[in-house]
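All remarks here apply to the structure that follows.
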Amino acid sequence: IGGGTTEIGVISLGGLVISKSIRTAGDKLDMSIVNYVKEKYNLIIGERTGEEIKITIGSAIQLPKELSMVVKGRDQVSGLLSRIELTSEDVREAMREYLKEIADALKMVLEMMPPDLASDIVENGVVLTGGGALIRGFDKYLSEIVRLPVYIADEPLLAVAKGTGKALEEISLLQQLTNEE
């Protein structure tokens, strides 16, 4: 779950069996927060503030103790600088539609999966990578929807870089595979 896209893939025996890419990811989640704050509180904030809110108090599920933060922006009506208190419940509501889109895409990929691989997925679960994996409770949210274990990768922000590094270590094998296609 990156900034611009969410990539969903089923990997078996070192190869990609099924994949799906959707344009719903971190940037859309940030904008959903910006739009929510504007519509509900008449406060204009920027995308960076939306991202900061997502990181600081964002959650995909109800938290035992809801979080809150003061958000500063420009009042849409008066044009003056203003501040509001935003809660993790607000942020969850703002992101709800896009979190569901990601969950639906995951569900669709799992439904397309060959039956032979189902036991692997049931046993090993789903692994989240990228910045979106760090949204509080997103693993639990997805697990409830797909009814499978969902885990967050160690160092999810570095997963792409580490994977690229591994691929470069096997560059000759990659070249052979590319020439065969």
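Following the order of the structure tokens, first chain is A, next is B, and so on, with residues numbered from 1 inside each chain and ligands from 1 in the order they appear.
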| message | Let's see if you can do this: from backbone DSSP, list all strand (DSSP E or B) residues in chain A, as an MDAnalysis selection string. | response | chainID A and resid 6:12 15:22 43:44 59 68:75 81:87 126:128 136 150:152
| request: Just list the residues in stretch 82-160 of chain A DSSP gives helix (DSSP H, G or I) on the backbone, as a PyMOL selection string. | output: chain A and resi 88-112+115-124+131-134+138-146+156-160
Which stretch 65-161 of chain A residues have any atom within 9 Å of an atom of stretch 33-55 of chain A, and for each, what is the nearest pair of atoms with distance in Å to one decimal, counting only C-alpha atoms, rows sorted by chain and number, as CSV?
```
residue,atom,partner,partner_atom,distance
A:Met69,CA,A:Ile53,CA,7.9
A:Val71,CA,A:Ile53,CA,8.1
A:Lys72,CA,A:Ile45,CA,7.3
A:Gly73,CA,A:Ile45,CA,5.1
A:Arg74,CA,A:Ile44,CA,5.1
A:Asp75,CA,A:Leu43,CA,4.7
A:Gln76,CA,A:Asn42,CA,5.1
A:Val77,CA,A:Asn42,CA,6.9
A:Leu81,CA,A:Leu43,CA,8.8
A:Ser82,CA,A:Leu43,CA,7.4
A:Arg83,CA,A:Leu43,CA,8.0
A:Ile84,CA,A:Tyr41,CA,7.8
A:Leu86,CA,A:Val37,CA,8.5
A:Ser88,CA,A:Lys54,CA,8.6
A:Asp90,CA,A:Tyr36,CA,8.2
A:Val91,CA,A:Ile33,CA,6.3
A:Arg92,CA,A:Ile33,CA,8.9
A:Glu93,CA,A:Tyr36,CA,8.4
A:Ala94,CA,A:Ile33,CA,5.3
A:Met95,CA,A:Ile33,CA,6.7
A:Leu134,CA,A:Ile55,CA,7.9
A:Ile135,CA,A:Ile55,CA,6.9
A:Arg136,CA,A:Ile55,CA,8.7
```
Near stretch 145-167 of chain A, 9 Å: stretch 61-131 of chain A residue rows, closest pairs, only C-alpha atoms, as CSV:
```
residue,atom,partner,partner_atom,distance
A:Ala103,CA,A:Ile145,CA,7.1
A:Asp104,CA,A:Ile145,CA,8.6
A:Leu106,CA,A:Val146,CA,7.9
A:Lys107,CA,A:Val146,CA,6.1
A:Leu110,CA,A:Val146,CA,8.3
A:Ile121,CA,A:Leu148,CA,7.9
A:Val122,CA,A:Leu148,CA,6.2
A:Glu123,CA,A:Pro149,CA,8.3
A:Asn124,CA,A:Pro149,CA,7.5
A:Gly125,CA,A:Pro149,CA,4.7
A:Val126,CA,A:Val150,CA,4.6
A:Val127,CA,A:Tyr151,CA,4.8
A:Leu128,CA,A:Ile152,CA,4.8
A:Thr129,CA,A:Pro156,CA,4.4
A:Gly130,CA,A:Leu157,CA,4.7
A:Gly131,CA,A:Leu157,CA,5.5
```
How about saving the chosen residues, C-alpha atoms kept, as an mmCIF file, in the first residue's frame?
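The resulting file, part.cif, is reproduced below:
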```
data_model
loop_
_atom_site.group_PDB
_atom_site.id
_atom_site.type_symbol
_atom_site.label_atom_id
_atom_site.label_comp_id
_atom_site.auth_asym_id
_atom_site.auth_seq_id
_atom_site.Cartn_x
_atom_site.Cartn_y
_atom_site.Cartn_z
ATOM 1 C CA ALA A 103 -10.243 -4.562 1.159
ATOM 2 C CA ASP A 104 -12.536 -5.301 -1.807
ATOM 3 C CA LEU A 106 -7.795 -7.943 -1.821
ATOM 4 C CA LYS A 107 -10.959 -10.019 -1.590
ATOM 5 C CA LEU A 110 -8.192 -14.032 -3.171
ATOM 6 C CA ILE A 121 -2.689 -18.536 2.024
ATOM 7 C CA VAL A 122 -4.840 -19.962 4.814
ATOM 8 C CA GLU A 123 -1.699 -21.196 6.563
ATOM 9 C CA ASN A 124 0.613 -18.221 5.926
ATOM 10 C CA GLY A 125 -1.892 -15.387 5.641
ATOM 11 C CA VAL A 126 -1.565 -12.009 3.962
ATOM 12 C CA VAL A 127 1.412 -9.689 4.455
ATOM 13 C CA LEU A 128 1.037 -5.899 4.270
ATOM 14 C CA THR A 129 3.881 -3.668 3.116
ATOM 15 C CA GLY A 130 4.278 0.033 2.384
ATOM 16 C CA GLY A 131 3.266 3.050 4.407
#
```
| field | For stretch 9-25 of chain A: contacts at 8 Å, only C-alpha atoms, fewer than 3 positions along chain excluded, given as a ChimeraX atom specification | value | /A:1-6,28-29,98,101-102,105,109,112-113,117,132
Residues as selected, C-alpha atoms, written as a short mmCIF file (atom, residue, chain, number, x, y, z; two decimals), in the first residue's frame, can you do that?
```cif
data_model
loop_
_atom_site.label_atom_id
_atom_site.label_comp_id
_atom_site.auth_asym_id
_atom_site.auth_seq_id
_atom_site.Cartn_x
_atom_site.Cartn_y
_atom_site.Cartn_z
CA ILE A 1 0.00 0.00 0.00
CA GLY A 2 2.05 2.86 -1.32
CA GLY A 3 1.38 6.51 -1.97
CA GLY A 4 -0.16 6.29 -5.44
CA THR A 5 -1.11 2.65 -5.83
CA THR A 6 -1.94 -0.48 -3.90
CA LYS A 28 -6.19 9.19 -1.68
CA LEU A 29 -6.47 8.51 2.04
CA TYR A 98 -11.00 4.00 0.43
CA GLU A 101 -11.86 -0.28 -1.78
CA ILE A 102 -8.50 -1.77 -0.78
CA ALA A 105 -9.55 -5.52 -4.18
CA VAL A 109 -7.66 -11.34 -5.80
CA MET A 112 -9.40 -15.47 -8.27
CA MET A 113 -6.67 -17.56 -6.65
CA LEU A 117 -2.72 -22.19 -3.44
CA GLY A 132 -0.42 2.11 4.36
#
```
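Proximity to A:Glu144 was assessed for A:Asp120, A:Lys100, A:Pro64, A:Ser32 counting only C-alpha atoms; the smallest distance is recorded for A:Lys100.
The closest residue to A:Thr87, picked from A:Ala133, A:Leu63, A:Ile57, A:Glu111 and counting only C-alpha atoms, is A:Ile57.
Atom pair atom CA of A:Thr56 / atom CA of A:Ser68 has a distance of 8.6 Å (rounded to one decimal).
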| What does the distance from atom CA of A:Leu142 to atom CA of A:Ile61 come to in Å, to one decimal? | 9.9 Å
